[in-house]
Amino acid sequence: MIRDNNMIELIGVTKQFGEMTAVNHIDLIVKEGEFMTFLGPSGCGKTTTLRMIAGFEEPSDGKLFIDHEDCDNVPANLRDVNTVFQNYALFPHLSIRDNIAFGLKLKKLSKEEIDKRVNKMIELIKLEEHINKKPSQLSGGQKQRVAIARSLVNEPKVLLLDEPLGALDLKLRKEMQIELKHLQKELGITFIYVTHDQEEALTISDRIAIMNKGNIEQLGTAEEIYDTPKTKFAANFIGETNLLTGYIVSQDSEKTVVNLHNQILTIYDADKKYKERERICVCVRPENMHFVDYLPDYSEEKYNTITCIYEEQIYIGNLRRHILHTPEGEPVKITRCARKGEVYNRGDYVKVCFSKKRCIMVKDEEV
Amino acid sequence: MDKEKGKTKRKKGVLGNAFLTIGPMALWTVLFFVFPFIYIILVSFCSRDQFGNIVYSFSLDAYKTLTKAVYLQVIGRTLKMAAIVTVLVTLIAYPYAYICSKASKKVQSLLIIGVMIPFWINSLLRIYAIMNFTSKNGLINNFLMGMGIIKEPIQILYTTGAVYFGLVYSLLPMMVMPLYSCLEKIDPAVLEAGRDLGCSSRQLFLKVIFPLSIPGIMGGLVLVFVPAMFNFYIADALGGGKTIIIGNLISSQFSTAKNWPLGAALSVVVMLISTVLIFVKNKIEKARTYS
Ligand SMILES: Nc1ncnc2c1ncn2[C@@H]1O[C@H](COP(=O)(O)OP(=O)(O)OP(=O)(O)O)[C@@H](O)[C@H]1O
Ligand SMILES: [Mg+2]
């Protein structure tokens, strides 16, 4: 009897193209009805992983289960998985309507059923006036919506989406993100979504897998990854962050002491164990950095303090971003509410601080 | 103002250049294609005297002669032959072009060169080669007798079968090339999309690959059907003059029979058929892209 609700299981899945390892021993479980996002830079193996799940590539090693079924030797057309391709891949010879109905016709559903489902989809993607056109007569964004509809109409167990909103303008993109999220919850279909837009990933996903060079660097909810990145790569890739390099002085069960260019800091983060003198980065989100001068409840016990040199401020709507750098030249960013009147001049030496509890450490490594 | 002037000047320059480059070509076309074409149409409306000289006065004699059962039969036979040849060529060319489009780049160019080389050799030479192979003491008969499959040499040359073989063989590249270039252009992602949505290999072919290759077939149809209809030397050489089709009928009207008006009228009929064919093909293509 199967008790868990694992929809997709990858166990040690590897894909090699000749010498090149595109996907390196990935373990991943995607739950039924989950919205999982693969986030990572170009060439990190997102598409390759999707293609293995869809059945277009054979894994070089490892096991792949879809709804507890071993997918060895199951061809793509027999997997209850549909793909929204990175470059749409619509059928050029078929009208929009026939493109969307393609999968249902293959399943030999009744004509009424097909019409009903196709019409519902067309309404959903708001392309009613284009249904009799050919794909070549649509804009990129419209094609993308057709590609989504063509897969979604089949109501597969798993829908794989490879950067499905890439060609849309920002406004439509945001609308479609919400639309997709609602659809996914409504239909209860498991989504695996690929993007390299971190903001999109944070908005849309239940969980995010941060990928880098064929590996999953971190797997977790948006909050988990934002608040507690496990690696320097994850910290850098999701959101903005300040990374201050230093080394470990000592560590006990509740706090770590760090030397940051001869400034001694205390950090209440002892989850990860480090050796003495090991090189680390202290990561602090820009909204957790403060100016000592403008912090009423400032105290040396609660805050780590460093001295920086002021450069400039950038006004970004409701926020103001202050750019500074440490005497060693590491950039420091502070975002504050725009209404606050914190004013400094270029070249000022400014004391900035961050809570000893609102920062974490990651290993300093090449990324 | 000045700007405007400059513009018109430049335009003139471009036109002048264009005339320089395409002028000689246009002249050539007028001299050797348009002029003979008009002449043929004129001649078809003339008659001839008993010595075979053309009498330049309007007459529909040639066209009236054409309605005789013998000539209608020849036209019918030619159309049938051209149609069968086209079907045969398509049946052979399709798998070939398909395999080409699927093969690795290196094999692809080998296969394409393989089909093009005979095409570059003078067509008459090719026909003589076929005659050589198929004659009573030719390679095929020798081989079959050597193997002990037949005792007496069989008649291959100078049969209708040989004419068909010659036509199919000569016209094969005309279908392979447009089909290949069409099949090769199919986006592999589209095929994956077909798979993804549940197509078996057979369904993928019927529902995606074949419909996408129709423009290639259409292009090939015209390129095969029209020459198959016009051809005369293959029917003469391989059919031994026993297979009378429009092509050799026309050629004999212009040479031995000395009845130019009738030959011209036959040519006009064939041209009309070709034009209709091309017209229909374009109509279908338009309908496919814009419906
Ligand atoms: N068929 C193939 N043959 C050889 N190498 C390949 C093949 N497909 C992908 N690769 C390589 O595998 C690596 C991962 O490719 P993949 O397409 O999965 O990247 P991606 O994460 O989807 O990137 P992007 O965001 O640019 O789409 C790349 O370095 C790519 O060059
Ligand atoms: Mg990709």
# chains A, B, ... in the order shown; residues from 1 in each chain; ligands from 1

$ residues_around --residues "region 147-155 of chain A" --least-positions-apart "6" --cutoff "8 Å" --atoms "only C-alpha atoms" --output "list in words"
Asn82, Thr83, Val84, Phe85, Tyr88, Ala89, Leu90, Asn99, Ile100, Ala101, Phe102, Gly103, Leu104, Arg117, Val118, Met121, Ile122, Ile125, Pro164, Leu187 and Ile189 of chain A; Leu197 of chain B

$ select_by_dssp --residues "region 93-232 of chain A" --states "strand (DSSP E or B)" --output "PDB file with all heavy atoms, in the first residue's frame"
ATOM      1  N   VAL A 158       1.219  15.593 -14.147  1.00  0.00           N
ATOM      2  CA  VAL A 158       2.294  16.550 -13.925  1.00  0.00           C
ATOM      3  C   VAL A 158       2.404  17.438 -15.152  1.00  0.00           C
ATOM      4  O   VAL A 158       2.365  16.955 -16.275  1.00  0.00           O
ATOM      5  CB  VAL A 158       3.647  15.835 -13.709  1.00  0.00           C
ATOM      6  CG1 VAL A 158       4.747  16.845 -13.433  1.00  0.00           C
ATOM      7  CG2 VAL A 158       3.549  14.828 -12.590  1.00  0.00           C
ATOM      8  N   LEU A 159       2.532  18.734 -14.915  1.00  0.00           N
ATOM      9  CA  LEU A 159       2.769  19.644 -16.021  1.00  0.00           C
ATOM     10  C   LEU A 159       4.170  20.230 -15.867  1.00  0.00           C
ATOM     11  O   LEU A 159       4.533  20.730 -14.804  1.00  0.00           O
ATOM     12  CB  LEU A 159       1.737  20.769 -16.029  1.00  0.00           C
ATOM     13  CG  LEU A 159       1.764  21.660 -17.263  1.00  0.00           C
ATOM     14  CD1 LEU A 159       1.385  20.874 -18.506  1.00  0.00           C
ATOM     15  CD2 LEU A 159       0.819  22.846 -17.106  1.00  0.00           C
ATOM     16  N   LEU A 160       4.960  20.111 -16.928  1.00  0.00           N
ATOM     17  CA  LEU A 160       6.321  20.645 -16.902  1.00  0.00           C
ATOM     18  C   LEU A 160       6.322  21.936 -17.707  1.00  0.00           C
ATOM     19  O   LEU A 160       5.882  21.953 -18.855  1.00  0.00           O
ATOM     20  CB  LEU A 160       7.284  19.649 -17.538  1.00  0.00           C
ATOM     21  CG  LEU A 160       7.217  18.227 -17.000  1.00  0.00           C
ATOM     22  CD1 LEU A 160       8.102  17.308 -17.821  1.00  0.00           C
ATOM     23  CD2 LEU A 160       7.625  18.190 -15.540  1.00  0.00           C
ATOM     24  N   LEU A 161       6.789  23.004 -17.120  1.00  0.00           N
ATOM     25  CA  LEU A 161       6.772  24.290 -17.827  1.00  0.00           C
ATOM     26  C   LEU A 161       8.187  24.845 -17.904  1.00  0.00           C
ATOM     27  O   LEU A 161       8.800  25.103 -16.875  1.00  0.00           O
ATOM     28  CB  LEU A 161       5.864  25.292 -17.113  1.00  0.00           C
ATOM     29  CG  LEU A 161       4.418  24.866 -16.914  1.00  0.00           C
ATOM     30  CD1 LEU A 161       4.218  24.377 -15.491  1.00  0.00           C
ATOM     31  CD2 LEU A 161       3.463  25.997 -17.222  1.00  0.00           C
ATOM     32  N   ASP A 162       8.693  24.992 -19.126  1.00  0.00           N
ATOM     33  CA  ASP A 162      10.058  25.468 -19.302  1.00  0.00           C
ATOM     34  C   ASP A 162      10.041  26.951 -19.668  1.00  0.00           C
ATOM     35  O   ASP A 162       9.814  27.310 -20.812  1.00  0.00           O
ATOM     36  CB  ASP A 162      10.752  24.663 -20.414  1.00  0.00           C
ATOM     37  CG  ASP A 162      12.255  24.785 -20.327  1.00  0.00           C
ATOM     38  OD1 ASP A 162      12.732  25.676 -19.595  1.00  0.00           O
ATOM     39  OD2 ASP A 162      12.947  23.995 -20.983  1.00  0.00           O
ATOM     40  N   THR A 190       0.213  18.749 -10.401  1.00  0.00           N
ATOM     41  CA  THR A 190       1.580  19.016  -9.962  1.00  0.00           C
ATOM     42  C   THR A 190       2.310  19.797 -11.047  1.00  0.00           C
ATOM     43  O   THR A 190       2.295  19.403 -12.202  1.00  0.00           O
ATOM     44  CB  THR A 190       2.311  17.686  -9.719  1.00  0.00           C
ATOM     45  OG1 THR A 190       1.495  16.881  -8.871  1.00  0.00           O
ATOM     46  CG2 THR A 190       3.658  17.914  -9.086  1.00  0.00           C
ATOM     47  N   PHE A 191       2.911  20.922 -10.676  1.00  0.00           N
ATOM     48  CA  PHE A 191       3.650  21.735 -11.643  1.00  0.00           C
ATOM     49  C   PHE A 191       5.140  21.659 -11.356  1.00  0.00           C
ATOM     50  O   PHE A 191       5.555  21.778 -10.208  1.00  0.00           O
ATOM     51  CB  PHE A 191       3.252  23.215 -11.520  1.00  0.00           C
ATOM     52  CG  PHE A 191       2.079  23.625 -12.369  1.00  0.00           C
ATOM     53  CD1 PHE A 191       1.012  22.768 -12.583  1.00  0.00           C
ATOM     54  CD2 PHE A 191       2.038  24.894 -12.939  1.00  0.00           C
ATOM     55  CE1 PHE A 191      -0.081  23.166 -13.351  1.00  0.00           C
ATOM     56  CE2 PHE A 191       0.959  25.300 -13.705  1.00  0.00           C
ATOM     57  CZ  PHE A 191      -0.105  24.447 -13.909  1.00  0.00           C
ATOM     58  N   ILE A 192       5.926  21.465 -12.396  1.00  0.00           N
ATOM     59  CA  ILE A 192       7.362  21.720 -12.262  1.00  0.00           C
ATOM     60  C   ILE A 192       7.685  22.830 -13.239  1.00  0.00           C
ATOM     61  O   ILE A 192       7.439  22.715 -14.440  1.00  0.00           O
ATOM     62  CB  ILE A 192       8.211  20.474 -12.542  1.00  0.00           C
ATOM     63  CG1 ILE A 192       7.798  19.362 -11.581  1.00  0.00           C
ATOM     64  CG2 ILE A 192       9.695  20.800 -12.368  1.00  0.00           C
ATOM     65  CD1 ILE A 192       8.630  18.131 -11.695  1.00  0.00           C
ATOM     66  N   TYR A 193       8.190  23.900 -12.684  1.00  0.00           N
ATOM     67  CA  TYR A 193       8.274  25.154 -13.406  1.00  0.00           C
ATOM     68  C   TYR A 193       9.731  25.580 -13.467  1.00  0.00           C
ATOM     69  O   TYR A 193      10.417  25.571 -12.460  1.00  0.00           O
ATOM     70  CB  TYR A 193       7.452  26.169 -12.605  1.00  0.00           C
ATOM     71  CG  TYR A 193       7.176  27.476 -13.271  1.00  0.00           C
ATOM     72  CD1 TYR A 193       5.990  27.702 -13.937  1.00  0.00           C
ATOM     73  CD2 TYR A 193       8.091  28.514 -13.186  1.00  0.00           C
ATOM     74  CE1 TYR A 193       5.723  28.919 -14.522  1.00  0.00           C
ATOM     75  CE2 TYR A 193       7.834  29.734 -13.781  1.00  0.00           C
ATOM     76  CZ  TYR A 193       6.644  29.936 -14.439  1.00  0.00           C
ATOM     77  OH  TYR A 193       6.381  31.149 -15.019  1.00  0.00           O
ATOM     78  N   VAL A 194      10.184  25.926 -14.668  1.00  0.00           N
ATOM     79  CA  VAL A 194      11.579  26.345 -14.798  1.00  0.00           C
ATOM     80  C   VAL A 194      11.646  27.834 -15.069  1.00  0.00           C
ATOM     81  O   VAL A 194      10.900  28.359 -15.886  1.00  0.00           O
ATOM     82  CB  VAL A 194      12.270  25.591 -15.956  1.00  0.00           C
ATOM     83  CG1 VAL A 194      13.540  26.290 -16.373  1.00  0.00           C
ATOM     84  CG2 VAL A 194      12.562  24.170 -15.547  1.00  0.00           C
ATOM     85  N   THR A 195      12.504  28.505 -14.360  1.00  0.00           N
ATOM     86  CA  THR A 195      12.694  29.930 -14.625  1.00  0.00           C
ATOM     87  C   THR A 195      14.094  30.330 -14.195  1.00  0.00           C
ATOM     88  O   THR A 195      14.725  29.632 -13.417  1.00  0.00           O
ATOM     89  CB  THR A 195      11.650  30.774 -13.869  1.00  0.00           C
ATOM     90  OG1 THR A 195      11.857  32.139 -14.165  1.00  0.00           O
ATOM     91  CG2 THR A 195      11.722  30.557 -12.382  1.00  0.00           C
ATOM     92  N   ARG A 207       7.631  25.310  -3.454  1.00  0.00           N
ATOM     93  CA  ARG A 207       9.034  25.096  -3.082  1.00  0.00           C
ATOM     94  C   ARG A 207       9.915  25.425  -4.276  1.00  0.00           C
ATOM     95  O   ARG A 207       9.486  25.319  -5.423  1.00  0.00           O
ATOM     96  CB  ARG A 207       9.266  23.643  -2.656  1.00  0.00           C
ATOM     97  CG  ARG A 207       8.846  23.390  -1.207  1.00  0.00           C
ATOM     98  CD  ARG A 207       9.420  22.104  -0.692  1.00  0.00           C
ATOM     99  NE  ARG A 207       9.013  20.965  -1.530  1.00  0.00           N
ATOM    100  CZ  ARG A 207       9.669  19.807  -1.552  1.00  0.00           C
ATOM    101  NH1 ARG A 207      10.735  19.611  -0.798  1.00  0.00           N
ATOM    102  NH2 ARG A 207       9.249  18.824  -2.328  1.00  0.00           N
ATOM    103  N   ILE A 208      11.149  25.774  -3.980  1.00  0.00           N
ATOM    104  CA  ILE A 208      12.100  26.137  -5.027  1.00  0.00           C
ATOM    105  C   ILE A 208      13.319  25.235  -4.914  1.00  0.00           C
ATOM    106  O   ILE A 208      13.781  24.964  -3.809  1.00  0.00           O
ATOM    107  CB  ILE A 208      12.544  27.608  -4.864  1.00  0.00           C
ATOM    108  CG1 ILE A 208      11.335  28.543  -4.938  1.00  0.00           C
ATOM    109  CG2 ILE A 208      13.575  27.993  -5.915  1.00  0.00           C
ATOM    110  CD1 ILE A 208      11.652  29.983  -4.616  1.00  0.00           C
ATOM    111  N   ALA A 209      13.785  24.756  -6.053  1.00  0.00           N
ATOM    112  CA  ALA A 209      15.069  24.050  -6.068  1.00  0.00           C
ATOM    113  C   ALA A 209      16.070  24.961  -6.768  1.00  0.00           C
ATOM    114  O   ALA A 209      15.919  25.277  -7.937  1.00  0.00           O
ATOM    115  CB  ALA A 209      14.946  22.732  -6.821  1.00  0.00           C
ATOM    116  N   ILE A 210      17.055  25.411  -6.007  1.00  0.00           N
ATOM    117  CA  ILE A 210      18.088  26.266  -6.596  1.00  0.00           C
ATOM    118  C   ILE A 210      19.106  25.361  -7.265  1.00  0.00           C
ATOM    119  O   ILE A 210      19.714  24.518  -6.598  1.00  0.00           O
ATOM    120  CB  ILE A 210      18.814  27.075  -5.505  1.00  0.00           C
ATOM    121  CG1 ILE A 210      17.819  27.863  -4.684  1.00  0.00           C
ATOM    122  CG2 ILE A 210      19.885  27.954  -6.135  1.00  0.00           C
ATOM    123  CD1 ILE A 210      17.491  29.198  -5.239  1.00  0.00           C
ATOM    124  N   MET A 211      19.280  25.509  -8.576  1.00  0.00           N
ATOM    125  CA  MET A 211      20.214  24.641  -9.290  1.00  0.00           C
ATOM    126  C   MET A 211      21.441  25.411  -9.728  1.00  0.00           C
ATOM    127  O   MET A 211      21.363  26.593 -10.075  1.00  0.00           O
ATOM    128  CB  MET A 211      19.531  24.025 -10.513  1.00  0.00           C
ATOM    129  CG  MET A 211      18.447  23.041 -10.134  1.00  0.00           C
ATOM    130  SD  MET A 211      17.767  22.192 -11.553  1.00  0.00           S
ATOM    131  CE  MET A 211      19.172  21.260 -12.106  1.00  0.00           C
ATOM    132  N   ASN A 212      22.552  24.718  -9.697  1.00  0.00           N
ATOM    133  CA  ASN A 212      23.803  25.312 -10.157  1.00  0.00           C
ATOM    134  C   ASN A 212      24.710  24.210 -10.663  1.00  0.00           C
ATOM    135  O   ASN A 212      24.949  23.233  -9.960  1.00  0.00           O
ATOM    136  CB  ASN A 212      24.472  26.075  -9.003  1.00  0.00           C
ATOM    137  CG  ASN A 212      25.707  26.813  -9.458  1.00  0.00           C
ATOM    138  OD1 ASN A 212      25.819  27.186 -10.629  1.00  0.00           O
ATOM    139  ND2 ASN A 212      26.635  27.013  -8.539  1.00  0.00           N
ATOM    140  N   ASN A 215      23.719  20.616 -10.153  1.00  0.00           N
ATOM    141  CA  ASN A 215      23.383  20.177  -8.802  1.00  0.00           C
ATOM    142  C   ASN A 215      22.226  20.994  -8.249  1.00  0.00           C
ATOM    143  O   ASN A 215      22.007  22.121  -8.678  1.00  0.00           O
ATOM    144  CB  ASN A 215      24.576  20.378  -7.867  1.00  0.00           C
ATOM    145  CG  ASN A 215      25.745  19.519  -8.252  1.00  0.00           C
ATOM    146  OD1 ASN A 215      25.655  18.302  -8.248  1.00  0.00           O
ATOM    147  ND2 ASN A 215      26.833  20.167  -8.633  1.00  0.00           N
ATOM    148  N   ILE A 216      21.526  20.400  -7.265  1.00  0.00           N
ATOM    149  CA  ILE A 216      20.558  21.199  -6.518  1.00  0.00           C
ATOM    150  C   ILE A 216      21.284  21.747  -5.302  1.00  0.00           C
ATOM    151  O   ILE A 216      21.730  20.995  -4.444  1.00  0.00           O
ATOM    152  CB  ILE A 216      19.339  20.355  -6.106  1.00  0.00           C
ATOM    153  CG1 ILE A 216      18.555  19.935  -7.358  1.00  0.00           C
ATOM    154  CG2 ILE A 216      18.439  21.150  -5.171  1.00  0.00           C
ATOM    155  CD1 ILE A 216      17.292  19.175  -7.078  1.00  0.00           C
ATOM    156  N   GLU A 217      21.426  23.066  -5.245  1.00  0.00           N
ATOM    157  CA  GLU A 217      22.180  23.679  -4.153  1.00  0.00           C
ATOM    158  C   GLU A 217      21.345  23.766  -2.893  1.00  0.00           C
ATOM    159  O   GLU A 217      21.847  23.641  -1.790  1.00  0.00           O
ATOM    160  CB  GLU A 217      22.624  25.086  -4.548  1.00  0.00           C
ATOM    161  CG  GLU A 217      23.657  25.106  -5.655  1.00  0.00           C
ATOM    162  CD  GLU A 217      25.030  25.509  -5.160  1.00  0.00           C
ATOM    163  OE1 GLU A 217      25.127  26.103  -4.070  1.00  0.00           O
ATOM    164  OE2 GLU A 217      26.008  25.217  -5.872  1.00  0.00           O
ATOM    165  N   GLN A 218      20.054  24.053  -3.089  1.00  0.00           N
ATOM    166  CA  GLN A 218      19.174  24.153  -1.934  1.00  0.00           C
ATOM    167  C   GLN A 218      17.750  23.911  -2.363  1.00  0.00           C
ATOM    168  O   GLN A 218      17.349  24.283  -3.461  1.00  0.00           O
ATOM    169  CB  GLN A 218      19.296  25.533  -1.277  1.00  0.00           C
ATOM    170  CG  GLN A 218      18.552  25.611   0.040  1.00  0.00           C
ATOM    171  CD  GLN A 218      18.876  26.870   0.821  1.00  0.00           C
ATOM    172  OE1 GLN A 218      19.658  27.698   0.387  1.00  0.00           O
ATOM    173  NE2 GLN A 218      18.273  27.012   1.993  1.00  0.00           N
ATOM    174  N   LEU A 219      16.991  23.287  -1.469  1.00  0.00           N
ATOM    175  CA  LEU A 219      15.606  22.965  -1.768  1.00  0.00           C
ATOM    176  C   LEU A 219      14.781  23.445  -0.602  1.00  0.00           C
ATOM    177  O   LEU A 219      15.056  23.103   0.545  1.00  0.00           O
ATOM    178  CB  LEU A 219      15.482  21.442  -1.922  1.00  0.00           C
ATOM    179  CG  LEU A 219      14.135  20.882  -2.279  1.00  0.00           C
ATOM    180  CD1 LEU A 219      13.725  21.321  -3.660  1.00  0.00           C
ATOM    181  CD2 LEU A 219      14.181  19.358  -2.216  1.00  0.00           C
ATOM    182  N   GLY A 220      13.788  24.282  -0.854  1.00  0.00           N
ATOM    183  CA  GLY A 220      12.977  24.748   0.264  1.00  0.00           C
ATOM    184  C   GLY A 220      11.948  25.749  -0.179  1.00  0.00           C
ATOM    185  O   GLY A 220      11.858  26.083  -1.361  1.00  0.00           O
TER     186      GLY A 220
END

$ residues_around --residues "Asp187 (chain B)" --least-positions-apart "5" --cutoff "12 Å" --atoms "only C-alpha atoms" --output "PDB file with N, CA, C and O atoms, in the first residue's frame"
ATOM      1  N   ASN A  87      10.398  26.977 -26.454  1.00  0.00           N
ATOM      2  CA  ASN A  87      10.150  27.757 -27.678  1.00  0.00           C
ATOM      3  C   ASN A  87       8.777  27.428 -28.275  1.00  0.00           C
ATOM      4  O   ASN A  87       8.629  27.332 -29.479  1.00  0.00           O
ATOM      5  N   TYR A  88       7.813  27.225 -27.436  1.00  0.00           N
ATOM      6  CA  TYR A  88       6.393  26.955 -27.761  1.00  0.00           C
ATOM      7  C   TYR A  88       6.159  25.633 -28.492  1.00  0.00           C
ATOM      8  O   TYR A  88       5.328  24.848 -28.069  1.00  0.00           O
ATOM      9  N   ALA A  89       6.869  25.400 -29.625  1.00  0.00           N
ATOM     10  CA  ALA A  89       6.692  24.170 -30.410  1.00  0.00           C
ATOM     11  C   ALA A  89       5.236  23.901 -30.746  1.00  0.00           C
ATOM     12  O   ALA A  89       4.741  22.783 -30.617  1.00  0.00           O
ATOM     13  N   LEU A  90       4.531  24.910 -31.216  1.00  0.00           N
ATOM     14  CA  LEU A  90       3.153  24.695 -31.666  1.00  0.00           C
ATOM     15  C   LEU A  90       3.172  24.010 -33.024  1.00  0.00           C
ATOM     16  O   LEU A  90       4.154  24.097 -33.755  1.00  0.00           O
ATOM     17  N   PHE A  91       2.060  23.333 -33.366  1.00  0.00           N
ATOM     18  CA  PHE A  91       1.982  22.688 -34.679  1.00  0.00           C
ATOM     19  C   PHE A  91       1.654  23.742 -35.729  1.00  0.00           C
ATOM     20  O   PHE A  91       0.548  24.290 -35.725  1.00  0.00           O
ATOM     21  N   PRO A  92       2.591  24.027 -36.641  1.00  0.00           N
ATOM     22  CA  PRO A  92       2.361  25.143 -37.567  1.00  0.00           C
ATOM     23  C   PRO A  92       1.214  24.896 -38.530  1.00  0.00           C
ATOM     24  O   PRO A  92       0.642  25.848 -39.056  1.00  0.00           O
TER      25      PRO A  92
ATOM     26  N   SER B 101      16.418  13.222 -44.157  1.00  0.00           N
ATOM     27  CA  SER B 101      16.197  14.287 -43.181  1.00  0.00           C
ATOM     28  C   SER B 101      16.497  13.814 -41.766  1.00  0.00           C
ATOM     29  O   SER B 101      16.767  14.612 -40.886  1.00  0.00           O
ATOM     30  N   LYS B 102      16.445  12.500 -41.547  1.00  0.00           N
ATOM     31  CA  LYS B 102      16.676  11.977 -40.195  1.00  0.00           C
ATOM     32  C   LYS B 102      18.147  11.624 -39.962  1.00  0.00           C
ATOM     33  O   LYS B 102      18.582  11.529 -38.809  1.00  0.00           O
ATOM     34  N   CYS B 182      11.812  20.289 -47.215  1.00  0.00           N
ATOM     35  CA  CYS B 182      10.632  20.527 -46.390  1.00  0.00           C
ATOM     36  C   CYS B 182      10.712  19.723 -45.085  1.00  0.00           C
ATOM     37  O   CYS B 182      10.503  20.252 -44.002  1.00  0.00           O
ATOM     38  N   GLU B 192       8.629  16.511 -30.750  1.00  0.00           N
ATOM     39  CA  GLU B 192       8.588  16.163 -29.329  1.00  0.00           C
ATOM     40  C   GLU B 192       7.245  16.553 -28.729  1.00  0.00           C
ATOM     41  O   GLU B 192       6.694  15.821 -27.912  1.00  0.00           O
ATOM     42  N   ALA B 193       6.730  17.688 -29.152  1.00  0.00           N
ATOM     43  CA  ALA B 193       5.417  18.110 -28.650  1.00  0.00           C
ATOM     44  C   ALA B 193       4.365  17.069 -29.022  1.00  0.00           C
ATOM     45  O   ALA B 193       3.506  16.730 -28.213  1.00  0.00           O
ATOM     46  N   GLY B 194       4.465  16.534 -30.244  1.00  0.00           N
ATOM     47  CA  GLY B 194       3.533  15.502 -30.669  1.00  0.00           C
ATOM     48  C   GLY B 194       3.626  14.276 -29.784  1.00  0.00           C
ATOM     49  O   GLY B 194       2.621  13.758 -29.292  1.00  0.00           O
ATOM     50  N   VAL B 208       1.435  14.723 -37.743  1.00  0.00           N
ATOM     51  CA  VAL B 208       2.367  15.848 -37.694  1.00  0.00           C
ATOM     52  C   VAL B 208       3.310  15.856 -38.906  1.00  0.00           C
ATOM     53  O   VAL B 208       3.303  16.807 -39.687  1.00  0.00           O
ATOM     54  N   ILE B 209       4.087  14.793 -39.072  1.00  0.00           N
ATOM     55  CA  ILE B 209       5.129  14.831 -40.108  1.00  0.00           C
ATOM     56  C   ILE B 209       4.521  14.944 -41.500  1.00  0.00           C
ATOM     57  O   ILE B 209       4.887  15.820 -42.282  1.00  0.00           O
ATOM     58  N   LEU B 212       2.959  18.277 -42.400  1.00  0.00           N
ATOM     59  CA  LEU B 212       3.980  19.317 -42.541  1.00  0.00           C
ATOM     60  C   LEU B 212       4.802  19.145 -43.814  1.00  0.00           C
ATOM     61  O   LEU B 212       5.478  20.067 -44.246  1.00  0.00           O
TER      62      LEU B 212
END

$ residues_near_ligand --ligand "ligand 1" --cutoff "10 Å" --atoms "only C-alpha atoms and all ligand atoms" --output "PyMOL selection string"
chain A and resi 15-23+38-52+57+86+162-163+194-197+211-214

$ closest_residue --among "B:Asn132, B:Leu139, B:Tyr164, B:Met177" --to "Ile112 (chain B)" --atoms "only C-alpha atoms"
B:Met177

$ select_by_dssp --residues "region 28-220 of chain B" --states "helix (DSSP H, G or I)" --output "ChimeraX atom specification"
/B:28-44,61-66,69-102,105-120,123-134,139-146,160-184,188-196,201-220

$ atom_distance --atom1 "CA of Ile306 (chain A)" --atom2 "CA of Lys351 (chain A)"
5.9 Å

$ closest_residue --among "B:Glu184, B:Glu285, B:Asp196, B:Glu152" --to "chain A" --atoms "only C-alpha atoms"
B:Asp196

$ decode --residues "region 276-283 of chain B" --atoms "N, CA, C and O atoms" --output "PDB file, in the first residue's frame"
ATOM      1  N   VAL B 276      -2.885  25.123 -65.373  1.00  0.00           N
ATOM      2  CA  VAL B 276      -3.975  24.802 -64.458  1.00  0.00           C
ATOM      3  C   VAL B 276      -3.423  24.100 -63.223  1.00  0.00           C
ATOM      4  O   VAL B 276      -3.770  24.416 -62.085  1.00  0.00           O
ATOM      5  N   LEU B 277      -2.496  23.186 -63.471  1.00  0.00           N
ATOM      6  CA  LEU B 277      -1.909  22.420 -62.375  1.00  0.00           C
ATOM      7  C   LEU B 277      -1.217  23.337 -61.363  1.00  0.00           C
ATOM      8  O   LEU B 277      -1.427  23.236 -60.149  1.00  0.00           O
ATOM      9  N   ILE B 278      -0.392  24.239 -61.889  1.00  0.00           N
ATOM     10  CA  ILE B 278       0.346  25.150 -61.012  1.00  0.00           C
ATOM     11  C   ILE B 278      -0.618  26.066 -60.273  1.00  0.00           C
ATOM     12  O   ILE B 278      -0.466  26.329 -59.074  1.00  0.00           O
ATOM     13  N   PHE B 279      -1.651  26.503 -61.001  1.00  0.00           N
ATOM     14  CA  PHE B 279      -2.655  27.369 -60.405  1.00  0.00           C
ATOM     15  C   PHE B 279      -3.340  26.667 -59.228  1.00  0.00           C
ATOM     16  O   PHE B 279      -3.448  27.217 -58.135  1.00  0.00           O
ATOM     17  N   VAL B 280      -3.769  25.439 -59.460  1.00  0.00           N
ATOM     18  CA  VAL B 280      -4.442  24.679 -58.401  1.00  0.00           C
ATOM     19  C   VAL B 280      -3.513  24.491 -57.205  1.00  0.00           C
ATOM     20  O   VAL B 280      -3.899  24.667 -56.051  1.00  0.00           O
ATOM     21  N   LYS B 281      -2.257  24.186 -57.503  1.00  0.00           N
ATOM     22  CA  LYS B 281      -1.286  23.974 -56.436  1.00  0.00           C
ATOM     23  C   LYS B 281      -1.132  25.236 -55.585  1.00  0.00           C
ATOM     24  O   LYS B 281      -1.158  25.175 -54.352  1.00  0.00           O
ATOM     25  N   ASN B 282      -1.010  26.387 -56.246  1.00  0.00           N
ATOM     26  CA  ASN B 282      -0.873  27.636 -55.500  1.00  0.00           C
ATOM     27  C   ASN B 282      -2.108  27.911 -54.663  1.00  0.00           C
ATOM     28  O   ASN B 282      -2.015  28.363 -53.528  1.00  0.00           O
ATOM     29  N   LYS B 283      -3.272  27.631 -55.244  1.00  0.00           N
ATOM     30  CA  LYS B 283      -4.527  27.844 -54.517  1.00  0.00           C
ATOM     31  C   LYS B 283      -4.526  27.020 -53.228  1.00  0.00           C
ATOM     32  O   LYS B 283      -4.825  27.522 -52.155  1.00  0.00           O
TER      33      LYS B 283
END
